[in-house]
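To keep things clear, I will list the structure first and then write my remarks on it.
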Amino acid sequence: MQRGAWIEECPAAITVCDQQGVIVEMNDEAAEMFRNDGGRELIGKNILDCHPEPSRKVVEEMLEKHTSRFYTIEKDGVEKLVCQTPWMVEGQFRGIVEFVFEIKLPLPHFLRAPSKPKG
């Protein structure tokens with residue numbers, strides 16, 4: 001997988017797995033976040049082996065049905081937003097990309113005006 005500079009400059013931990021769940025890429029933020037689990041040594045390992053039940057079942061379903069998942073977590077007093085979404089290339093499912101952003105709560109919420117109908 002060819003990596004662009006954006007992956008290192010994005011302020012998120014980014015981990016990418018293929019259709020079978022094998023980790024194929026991670027940026028420096030992700031390697032640091034998963035340092036205690038092996039960091040970059042996780043490349044080539046299956047993400048299913050990194051998840052206990054019931055989250056393993058959720059990841060299996062995401063790989064099977066090509067679905068997204070968004071949630072927040074708190075660990076060691078740090079709040080994070082986790083975005084797991086299909087990695088698509090020319091309409092073909094290639095795997096899952098996970099973005100983990102550190103957030104400061106409360107997170108601002110903005111109400112936008114409804115879209116005007118087209119036509």
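Scheme for the structure tokens: letters A, B, ... for chains in order shown; per-chain residue numbers from 1; ligand numbers from 1 in order shown.
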
Pull the alpha helix (DSSP H) assignments for chain A out of DSSP run on the backbone, and list those residues as a VMD selection string.
-> chain A and resid 6 to 9 28 to 33 55 to 65

Strand (DSSP E) call set, DSSP backbone run, chain A, as a ChimeraX atom specification | /A:13-18,23-26,69-75,78-89,92-102

Output the selection as an mmCIF file, in the first residue's frame - C-alpha atoms for each residue.
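Output saved as out.cif:
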data_model
loop_
_atom_site.group_PDB
_atom_site.id
_atom_site.type_symbol
_atom_site.label_atom_id
_atom_site.label_comp_id
_atom_site.auth_asym_id
_atom_site.auth_seq_id
_atom_site.Cartn_x
_atom_site.Cartn_y
_atom_site.Cartn_z
ATOM 1 C CA ALA A 13 -4.488 7.393 14.809
ATOM 2 C CA ILE A 14 -5.177 5.662 11.467
ATOM 3 C CA THR A 15 -5.193 1.886 11.070
ATOM 4 C CA VAL A 16 -6.151 0.083 7.851
ATOM 5 C CA CYS A 17 -7.017 -3.589 7.412
ATOM 6 C CA ASP A 18 -7.825 -5.581 4.279
ATOM 7 C CA ILE A 23 -3.658 -4.924 9.229
ATOM 8 C CA VAL A 24 -1.901 -3.465 6.185
ATOM 9 C CA GLU A 25 -1.034 0.055 7.385
ATOM 10 C CA MET A 26 -0.903 2.321 10.390
ATOM 11 C CA ARG A 69 -19.317 2.262 13.211
ATOM 12 C CA PHE A 70 -18.827 5.483 15.192
ATOM 13 C CA TYR A 71 -18.502 5.778 18.961
ATOM 14 C CA THR A 72 -16.638 7.530 21.757
ATOM 15 C CA ILE A 73 -14.398 6.012 24.413
ATOM 16 C CA GLU A 74 -12.531 7.205 27.475
ATOM 17 C CA LYS A 75 -9.243 5.639 28.523
ATOM 18 C CA VAL A 78 -8.602 10.856 27.567
ATOM 19 C CA GLU A 79 -11.790 10.987 25.476
ATOM 20 C CA LYS A 80 -11.629 9.779 21.880
ATOM 21 C CA LEU A 81 -13.917 9.535 18.880
ATOM 22 C CA VAL A 82 -13.547 6.252 16.977
ATOM 23 C CA CYS A 83 -14.646 6.124 13.317
ATOM 24 C CA GLN A 84 -14.487 2.731 11.611
ATOM 25 C CA THR A 85 -15.597 2.787 8.004
ATOM 26 C CA PRO A 86 -15.227 0.734 4.819
ATOM 27 C CA TRP A 87 -12.132 1.330 2.676
ATOM 28 C CA MET A 88 -13.408 1.433 -0.890
ATOM 29 C CA VAL A 89 -11.455 1.628 -4.160
ATOM 30 C CA GLN A 92 -14.906 -2.279 -4.384
ATOM 31 C CA PHE A 93 -14.592 -3.112 -0.687
ATOM 32 C CA ARG A 94 -10.904 -3.328 0.272
ATOM 33 C CA GLY A 95 -11.212 -3.429 4.060
ATOM 34 C CA ILE A 96 -11.763 -1.089 6.986
ATOM 35 C CA VAL A 97 -10.135 2.181 7.964
ATOM 36 C CA GLU A 98 -10.180 3.202 11.608
ATOM 37 C CA PHE A 99 -9.645 6.828 12.625
ATOM 38 C CA VAL A 100 -9.246 7.620 16.331
ATOM 39 C CA PHE A 101 -9.382 11.324 17.208
ATOM 40 C CA GLU A 102 -8.708 12.733 20.671
#

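We find CA of Glu29 (chain A) and CA of Arg56 (chain A) to be spaced 22.6 Å apart.
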